[in-house]
Each structure stands twice: as C-alpha cells, then as structure tokens.
Amino acid sequence: MDDLYQEIIMEHNRNPKNFGTINNPDVFNEAFNPLCGDSITVYFIFEDNKIKDLKFESQGCAISKASASLMTELLLNLDTDSATKTIQEFHKMITQNEENDYDEDLLGDSVALSNLSKYPNRIKCATMCWHAAKESIIDLNT
Amino acid sequence: MNPNISQIRKDFPILSTIVNEKQLVYLDNAATSQKPIQVINKLTDYYKNTNSNVHRGVHTLSGKATDEFEDVRLKVAKFINAPNYKQMNPIIWTRNTTESINIISMTWANDNLEENDEIVVTAMEHHSNLIPWQRLCKRKKAKLKIFPINNNQELDLKYLDEYINSNTKLVSIVHSSNSMGTINPIKTLIKKAKSVNAKVLIDGAQSVPHMPVDVTDLDCDFLVFSAHKMLGPTGLGILYVKKDILQNLEPHFLGGEMVLDVSYESATWNDIPMKFEAGTPNIADVIAFGSAIDYLNDIGMSKIREHESELTAFALNILDENKYLKNNSTLFGPKNILNRSGVLTFHSDIAHPHDLGTLLDNEGIAVRTGHHCTMPLMKSLGVPATLRASFYIYNTEEEITKFFECYSKSLRFFDNVR
C-alpha cells in the first residue's frame, strides 16, 4: 500500500493546496466519477492567456484530493499551452503506455501518482480533476 | 442439520483464488455471488452436449434444450411458491432485475397509471426501482411518493396511512436493502396496499437469494430478482407476475417466438409466458440457473438465512467489542438481527471508502465501495459513499474476523497520518 499512499500524497490529502472556491471564475468545470458518486469542481481565473488563479472543491477519496492539489500547484501561472501539455503528460503517466515516455520534468511532485497505473480501478479517481481542467481550457478558447 | 460450510466452499473454485498474494476473502455478494462448480459444469455441459434453439425445430437437441429450459421455469416458479404455476407459469425471463422493473413500468404501469395517481417507493430504493417511476410519473402527471426512513434506515411505519392511501396505484418496494442491509416489513406494506386496492411490486434482488420468499404467502403482484446474485449466471433476470395481471398484460418486446400467427398487416400473440419473450432467450444461462436453484434447495433457504444471521451477529459482536472501530466508524442499518440481512455498510470520517477498499484489496479482501446505486439515500445520510461487506452461504467467521482486522488496520493507517 505504501507505493500508492506515499507520504507526499498523504500530505496533499491532509492539507490540500488551493482548496476552495473562486467567486467569479472565468471558467469552472465539474467532473463526476459515476462509479462512486465522487465529484470535483475546478475554478479558473485567466489573465493574458495565463492561469492566474485556480482552486478546487471536492468530495472524494485521498487519491482524488491529492491529485487535484498537486495539479493546482503545477498549473498555476502556466500559459494555456503549457497547461495543456502538462495535462497530456499526466495522462500519459497515469495510463502508462509501454514506452513510458512521459515528460517527468513537467509533472513535478505529481509523479508520486505514477504507481496508480498498477491500480487500474483507481485511475479515474486521479484523472477527474485533470479532465475538468482540460475542459476548462477548451471552454476558454471556444 | 446445519450446512457444512467447509464442504460448501469446496464447490466454489474461485474461493481458492489468490489475490494480491493473499487468499481471496469475497465479501461482495450483494453485487454478485460466486458460482458453484455444479452451475459452471451445467453451463459448459449444455454447450458441449445440448446446445440448440428452443421452441422450434423438430430435431432431438432442440427438444432436449426446450425441455431443460422449461423445467427451470417450473423450478423457479416452485422456488418462490407461485400459485397454480403448473396451469399457467408466471415466470418471465429478462436480462436482470432492472429490466424486470422497467418492463412493468412500460407495460402494466404505463397502461394503468392516470393523472394524480400515486406510486410509492421507499427512500432506500436502488436506482432501478426509482428512475423508471420518476419518468413514468412525469409523463403521466402522476405523483411519486418516497416513503420515509428513520435514523436506523428502517421504514418509518407511522407514515403508513399517509403514504399508502386511496390515491395509491402501485407500491414498489425493496424487500432487503442492497446498501443498508434493512429487511423491510413487506407483509405489512402489502396488506396496507391491498386494503386500498393498490398493486405491489417487490424488488427481491437481495432477498430471494438469501431467505425464503413465498409469493403465495406474500400476495404481491410482481416479484423481480436476478440469477447472478443467487449462484446463477449473469445476464438473467426473473419477473414474476400474478395471474390476474399476467392474463391482461401486453407484451413489451415484439418479434420472433412471441407470436402465434403473423400476416403482413398484423399478428396474434403466443401463449403466456412465451408472448413476453421475443427472440431467442438466454437458454444456456436459464439451464445453468436450474443447477443454482437445486444447490440452494439442497441447503435450504431457511438454513442460508440462519447462517447469514449468525455471521451478522458475529460481526455485530466484533464491532461491539472493538472500541476503536466503535469510535471511528459508523455502521448503518438496523441493529436488530431479525430485520437486517448480511449486508454491512460502514462510513468513517477518517478515510474515504475508496481508499479503504484499495487497502483491503491489497489483503485479498473484496468489498464494495461507492454509493451502491442509492445516490439519494447517500445524500440524505450526508455521505458520498460507504464501504459495504456482504455475506453469503460460503462465508465464514474467520473471513469476517480478517475483514475487521484489515478494516481497523486500514483506518489506523489513515488515522495516524491525519
């Protein structure tokens, strides 16, 4: 169990970063995990195509909360192209294709979640917030 | 004589599976039960030696398949003690409990429900016994009433007269709750429904596999359940309909097998129950299900209920004596063994059920985590999800002890780093 619930994940679950709401967000998106009823909402403020602020609110397990917390740390202050790239790399890591060719440098502490690929029925827990973020960037650009 | 559990376990090949380097402890029986070798053998035996389509063809195998297929229909009718089933068999094969309920919502209920009529369900229904009625009531401008529950997740019978009244057309209730383990006093509800001329549908998905259920004694109008939760194969549901309704019930699916005579302009229906089973039915699974019924009958449904009650009492006793669990985990549902099944549902503020479920899985223990298809109930309890352990005839006290050891250990793991 230690490979999944590493200290860094437990810490982000205990004290999540950027947890809460933004009152007048430019974009926000909610993601659901219909398997368990968990939900997560990610709020964004953009400025000059950059993520100036983002927060998340969730009702979910340690993995989903830690993943969202780690994500907000990574995406804050990135421009939307870099954010999209980071989201792509995270998905590569989590679904772990055979080449295992994700860019670790972009993913910071969230590489602690890489072992999740061994727990296929928990992947959705970690990816919910990243989906919501991806949708938000798409919404901004449309 | 009490059933010999260690002997029974030998009939279930999957129980000796190693999961994550640990002996499997299967406590997810409310989701689906495991299958004894007799059922597995029957299934392969059918495909090896009998496979043929039913109710058509004059060849030997077709006749054999038809006989075996119809024998199981008789067996199931007898199993739930359907009245006069030899004259008119009231068992209709469906895909699952959900489909059985949907069929009634689209046929009998659709034909009989009028504006301002009321359908009563309970606050603990599975989505399958809620959503079909939501849609139907919206279409018909009828009312869907949710029978309230008390703090132990039992029906609050003081509302009986208020909720079941002269406007009530149908009472559609779960016998044994899949998410709380509550066994509802359905006889009381059926009696009340009959007194106001309402029909009653019993969702027996979690009761028929675990205790004697007698439709003659209950006098319900519909009983629905699934083969896969009672040692049988997946993909097979049962719909029992009382004779007086069955005789006037319109078929929901049309096509082959369900007709007597067809012209380019019109068709006449086949006899009951065939007129309700359009197309080639799930022949192999029906026939294998017959072996599941035999297996259950050999043990005896009362003995199965007794065994599960003993396991539940054993579990409640462990909970009672374990201060840590008592203080850090909530068990939902009735505390009285008489009206609770072998379904134990927990919530803890320390950790989310998903995280706990993964740690238990690492120990080879299979439990269910989530909302158990009872989202409105979870919302009313103020929890996103629960952790559920559910028992069957092959579970043992040793397995329950192991479950609680690992459950406490997992809670402590999250507790220590809180």
# chains A, B, ... in the order shown; residues from 1 in each chain; ligands from 1
$ interface_residues --of "chain B" --to "chain A" --cutoff "10 Å" --atoms "only C-alpha atoms" --output "number ranges by chain"
B: 351-356, 358-363, 368-375, 378-379, 383-386, 410, 413-414, 417-418
$ write_last_selection --atoms "C-alpha atoms" --output "mmCIF file, in the first residue's frame"
data_model
loop_
_atom_site.group_PDB
_atom_site.id
_atom_site.type_symbol
_atom_site.label_atom_id
_atom_site.label_comp_id
_atom_site.auth_asym_id
_atom_site.auth_seq_id
_atom_site.Cartn_x
_atom_site.Cartn_y
_atom_site.Cartn_z
ATOM 1 C CA ALA B 351 -10.859 7.905 5.264
ATOM 2 C CA HIS B 352 -12.869 7.697 2.082
ATOM 3 C CA PRO B 353 -14.269 4.209 1.366
ATOM 4 C CA HIS B 354 -12.351 4.066 -1.909
ATOM 5 C CA ASP B 355 -9.032 4.405 -0.150
ATOM 6 C CA LEU B 356 -10.027 1.810 2.429
ATOM 7 C CA THR B 358 -7.910 -0.405 -2.051
ATOM 8 C CA LEU B 359 -6.095 -1.265 1.196
ATOM 9 C CA LEU B 360 -8.493 -4.162 1.818
ATOM 10 C CA ASP B 361 -7.970 -5.359 -1.748
ATOM 11 C CA ASN B 362 -4.247 -5.461 -1.033
ATOM 12 C CA GLU B 363 -5.112 -8.011 1.664
ATOM 13 C CA ARG B 368 -17.802 -2.808 -2.448
ATOM 14 C CA THR B 369 -17.168 0.894 -2.080
ATOM 15 C CA GLY B 370 -19.385 3.577 -3.524
ATOM 16 C CA HIS B 371 -22.980 4.696 -3.463
ATOM 17 C CA HIS B 372 -24.383 1.241 -4.286
ATOM 18 C CA CYS B 373 -26.797 2.755 -6.816
ATOM 19 C CA THR B 374 -28.618 4.521 -3.991
ATOM 20 C CA MET B 375 -27.377 8.092 -4.517
ATOM 21 C CA MET B 378 -26.324 8.553 0.421
ATOM 22 C CA LYS B 379 -27.111 12.260 0.062
ATOM 23 C CA VAL B 383 -22.018 10.636 2.995
ATOM 24 C CA PRO B 384 -20.598 10.457 -0.528
ATOM 25 C CA ALA B 385 -20.139 6.719 -0.376
ATOM 26 C CA THR B 386 -19.859 3.801 2.026
ATOM 27 C CA SER B 410 -6.576 0.487 7.151
ATOM 28 C CA PHE B 413 -3.121 3.840 8.550
ATOM 29 C CA PHE B 414 -5.054 6.962 7.579
ATOM 30 C CA VAL B 417 -1.150 10.462 9.384
ATOM 31 C CA ARG B 418 -4.201 12.661 9.775
#
$ select_by_dssp --residues "stretch 93-132 of chain A" --states "helix (DSSP H, G or I)" --output "PyMOL selection string"
chain A and resi 93-95+104-118+120-132
$ atom_distance --atom1 "atom CA of B:Lys199" --atom2 "atom CA of B:Glu277"
23.1 Å
$ select_by_dssp --residues "stretch 3-142 of chain A" --states "strand (DSSP E)" --output "list in words"
Val27, Phe28, Asn29, Glu30, Ala31, Phe32, Asn33, Asp38, Ser39, Ile40, Thr41, Val42, Tyr43, Phe44, Ile45, Phe46, Glu47, Lys50, Ile51, Lys52, Asp53, Leu54, Lys55, Phe56, Glu57, Ser58 and Gln59 of chain A
$ residues_around --residues "B:Ser329" --least-positions-apart "2" --cutoff "9 Å" --atoms "only C-alpha atoms" --output "VMD selection string"
chain B and resid 324 to 327 331 346 to 350 411
$ decode --residues "stretch 36-120 of chain A" --atoms "C-alpha atoms" --output "PDB file, in the first residue's frame"
ATOM      1  CA  CYS A  36     -18.593   6.160  -6.675  1.00  0.00           C
ATOM      2  CA  GLY A  37     -20.525   9.422  -6.813  1.00  0.00           C
ATOM      3  CA  ASP A  38     -17.436  11.481  -6.102  1.00  0.00           C
ATOM      4  CA  SER A  39     -17.276  14.922  -7.650  1.00  0.00           C
ATOM      5  CA  ILE A  40     -14.765  17.693  -8.103  1.00  0.00           C
ATOM      6  CA  THR A  41     -15.049  21.288  -9.333  1.00  0.00           C
ATOM      7  CA  VAL A  42     -12.108  23.282 -10.649  1.00  0.00           C
ATOM      8  CA  TYR A  43     -12.292  27.096 -10.896  1.00  0.00           C
ATOM      9  CA  PHE A  44     -10.050  29.235 -13.085  1.00  0.00           C
ATOM     10  CA  ILE A  45      -9.086  32.891 -13.438  1.00  0.00           C
ATOM     11  CA  PHE A  46      -7.126  33.625 -16.598  1.00  0.00           C
ATOM     12  CA  GLU A  47      -5.100  36.713 -17.445  1.00  0.00           C
ATOM     13  CA  ASP A  48      -3.269  37.212 -20.738  1.00  0.00           C
ATOM     14  CA  ASN A  49      -3.845  33.572 -21.561  1.00  0.00           C
ATOM     15  CA  LYS A  50      -2.197  32.556 -18.291  1.00  0.00           C
ATOM     16  CA  ILE A  51      -3.723  30.725 -15.352  1.00  0.00           C
ATOM     17  CA  LYS A  52      -3.669  33.482 -12.794  1.00  0.00           C
ATOM     18  CA  ASP A  53      -5.594  31.599 -10.141  1.00  0.00           C
ATOM     19  CA  LEU A  54      -7.199  28.204  -9.772  1.00  0.00           C
ATOM     20  CA  LYS A  55      -8.912  26.409  -6.941  1.00  0.00           C
ATOM     21  CA  PHE A  56     -10.731  23.133  -6.483  1.00  0.00           C
ATOM     22  CA  GLU A  57     -13.501  21.807  -4.347  1.00  0.00           C
ATOM     23  CA  SER A  58     -14.077  18.099  -3.993  1.00  0.00           C
ATOM     24  CA  GLN A  59     -15.846  15.334  -2.272  1.00  0.00           C
ATOM     25  CA  GLY A  60     -13.739  12.297  -2.760  1.00  0.00           C
ATOM     26  CA  CYS A  61     -11.001   9.960  -1.752  1.00  0.00           C
ATOM     27  CA  ALA A  62      -7.390  10.689  -0.788  1.00  0.00           C
ATOM     28  CA  ILE A  63      -6.189   9.993  -4.319  1.00  0.00           C
ATOM     29  CA  SER A  64      -8.607  12.411  -5.952  1.00  0.00           C
ATOM     30  CA  LYS A  65      -7.913  15.164  -3.455  1.00  0.00           C
ATOM     31  CA  ALA A  66      -4.134  14.760  -3.596  1.00  0.00           C
ATOM     32  CA  SER A  67      -4.183  14.625  -7.373  1.00  0.00           C
ATOM     33  CA  ALA A  68      -6.182  17.857  -7.567  1.00  0.00           C
ATOM     34  CA  SER A  69      -3.950  19.574  -5.046  1.00  0.00           C
ATOM     35  CA  LEU A  70      -0.817  18.561  -6.960  1.00  0.00           C
ATOM     36  CA  MET A  71      -2.431  19.640 -10.217  1.00  0.00           C
ATOM     37  CA  THR A  72      -3.285  23.132  -8.994  1.00  0.00           C
ATOM     38  CA  GLU A  73       0.305  23.628  -7.848  1.00  0.00           C
ATOM     39  CA  LEU A  74       1.591  22.587 -11.261  1.00  0.00           C
ATOM     40  CA  LEU A  75      -0.828  24.563 -13.402  1.00  0.00           C
ATOM     41  CA  LEU A  76      -0.771  27.861 -11.511  1.00  0.00           C
ATOM     42  CA  ASN A  77       0.880  30.605 -13.572  1.00  0.00           C
ATOM     43  CA  LEU A  78       1.267  28.425 -16.665  1.00  0.00           C
ATOM     44  CA  ASP A  79       0.039  29.698 -20.016  1.00  0.00           C
ATOM     45  CA  THR A  80      -2.743  27.608 -21.515  1.00  0.00           C
ATOM     46  CA  ASP A  81      -0.475  25.819 -23.996  1.00  0.00           C
ATOM     47  CA  SER A  82       1.930  24.710 -21.272  1.00  0.00           C
ATOM     48  CA  ALA A  83      -1.006  23.721 -19.085  1.00  0.00           C
ATOM     49  CA  THR A  84      -2.472  21.613 -21.894  1.00  0.00           C
ATOM     50  CA  LYS A  85       0.908  19.958 -22.401  1.00  0.00           C
ATOM     51  CA  THR A  86       1.216  19.214 -18.667  1.00  0.00           C
ATOM     52  CA  ILE A  87      -2.261  17.684 -18.630  1.00  0.00           C
ATOM     53  CA  GLN A  88      -1.332  15.495 -21.604  1.00  0.00           C
ATOM     54  CA  GLU A  89       1.841  14.293 -19.900  1.00  0.00           C
ATOM     55  CA  PHE A  90      -0.063  13.478 -16.715  1.00  0.00           C
ATOM     56  CA  HIS A  91      -2.491  11.310 -18.697  1.00  0.00           C
ATOM     57  CA  LYS A  92       0.425   9.563 -20.377  1.00  0.00           C
ATOM     58  CA  MET A  93       1.974   8.815 -16.996  1.00  0.00           C
ATOM     59  CA  ILE A  94      -1.230   7.546 -15.426  1.00  0.00           C
ATOM     60  CA  THR A  95      -2.298   5.345 -18.307  1.00  0.00           C
ATOM     61  CA  GLN A  96       1.352   4.341 -18.725  1.00  0.00           C
ATOM     62  CA  ASN A  97       1.806   3.334 -22.304  1.00  0.00           C
ATOM     63  CA  GLU A  98       4.508   0.780 -22.952  1.00  0.00           C
ATOM     64  CA  GLU A  99       7.182   3.283 -23.926  1.00  0.00           C
ATOM     65  CA  ASN A 100       6.625   5.040 -20.623  1.00  0.00           C
ATOM     66  CA  ASP A 101       7.686   8.216 -22.402  1.00  0.00           C
ATOM     67  CA  TYR A 102       6.025  10.920 -20.356  1.00  0.00           C
ATOM     68  CA  ASP A 103       7.981  14.032 -19.545  1.00  0.00           C
ATOM     69  CA  GLU A 104       8.741  13.688 -15.864  1.00  0.00           C
ATOM     70  CA  ASP A 105      10.158  17.215 -15.625  1.00  0.00           C
ATOM     71  CA  LEU A 106       6.764  18.736 -16.363  1.00  0.00           C
ATOM     72  CA  LEU A 107       4.984  16.771 -13.686  1.00  0.00           C
ATOM     73  CA  GLY A 108       6.809  17.787 -10.510  1.00  0.00           C
ATOM     74  CA  ASP A 109       5.568  16.080  -7.351  1.00  0.00           C
ATOM     75  CA  SER A 110       2.624  14.553  -9.170  1.00  0.00           C
ATOM     76  CA  VAL A 111       4.952  11.750 -10.329  1.00  0.00           C
ATOM     77  CA  ALA A 112       4.160  10.318  -6.898  1.00  0.00           C
ATOM     78  CA  LEU A 113       0.916   9.194  -8.556  1.00  0.00           C
ATOM     79  CA  SER A 114       2.702   7.198 -11.263  1.00  0.00           C
ATOM     80  CA  ASN A 115       2.192   3.937  -9.348  1.00  0.00           C
ATOM     81  CA  LEU A 116      -1.504   4.365  -9.881  1.00  0.00           C
ATOM     82  CA  SER A 117      -1.109   2.687 -13.252  1.00  0.00           C
ATOM     83  CA  LYS A 118      -0.895  -0.547 -11.221  1.00  0.00           C
ATOM     84  CA  TYR A 119      -4.349   0.163  -9.775  1.00  0.00           C
ATOM     85  CA  PRO A 120      -6.495   0.475 -12.895  1.00  0.00           C
TER      86      PRO A 120
END
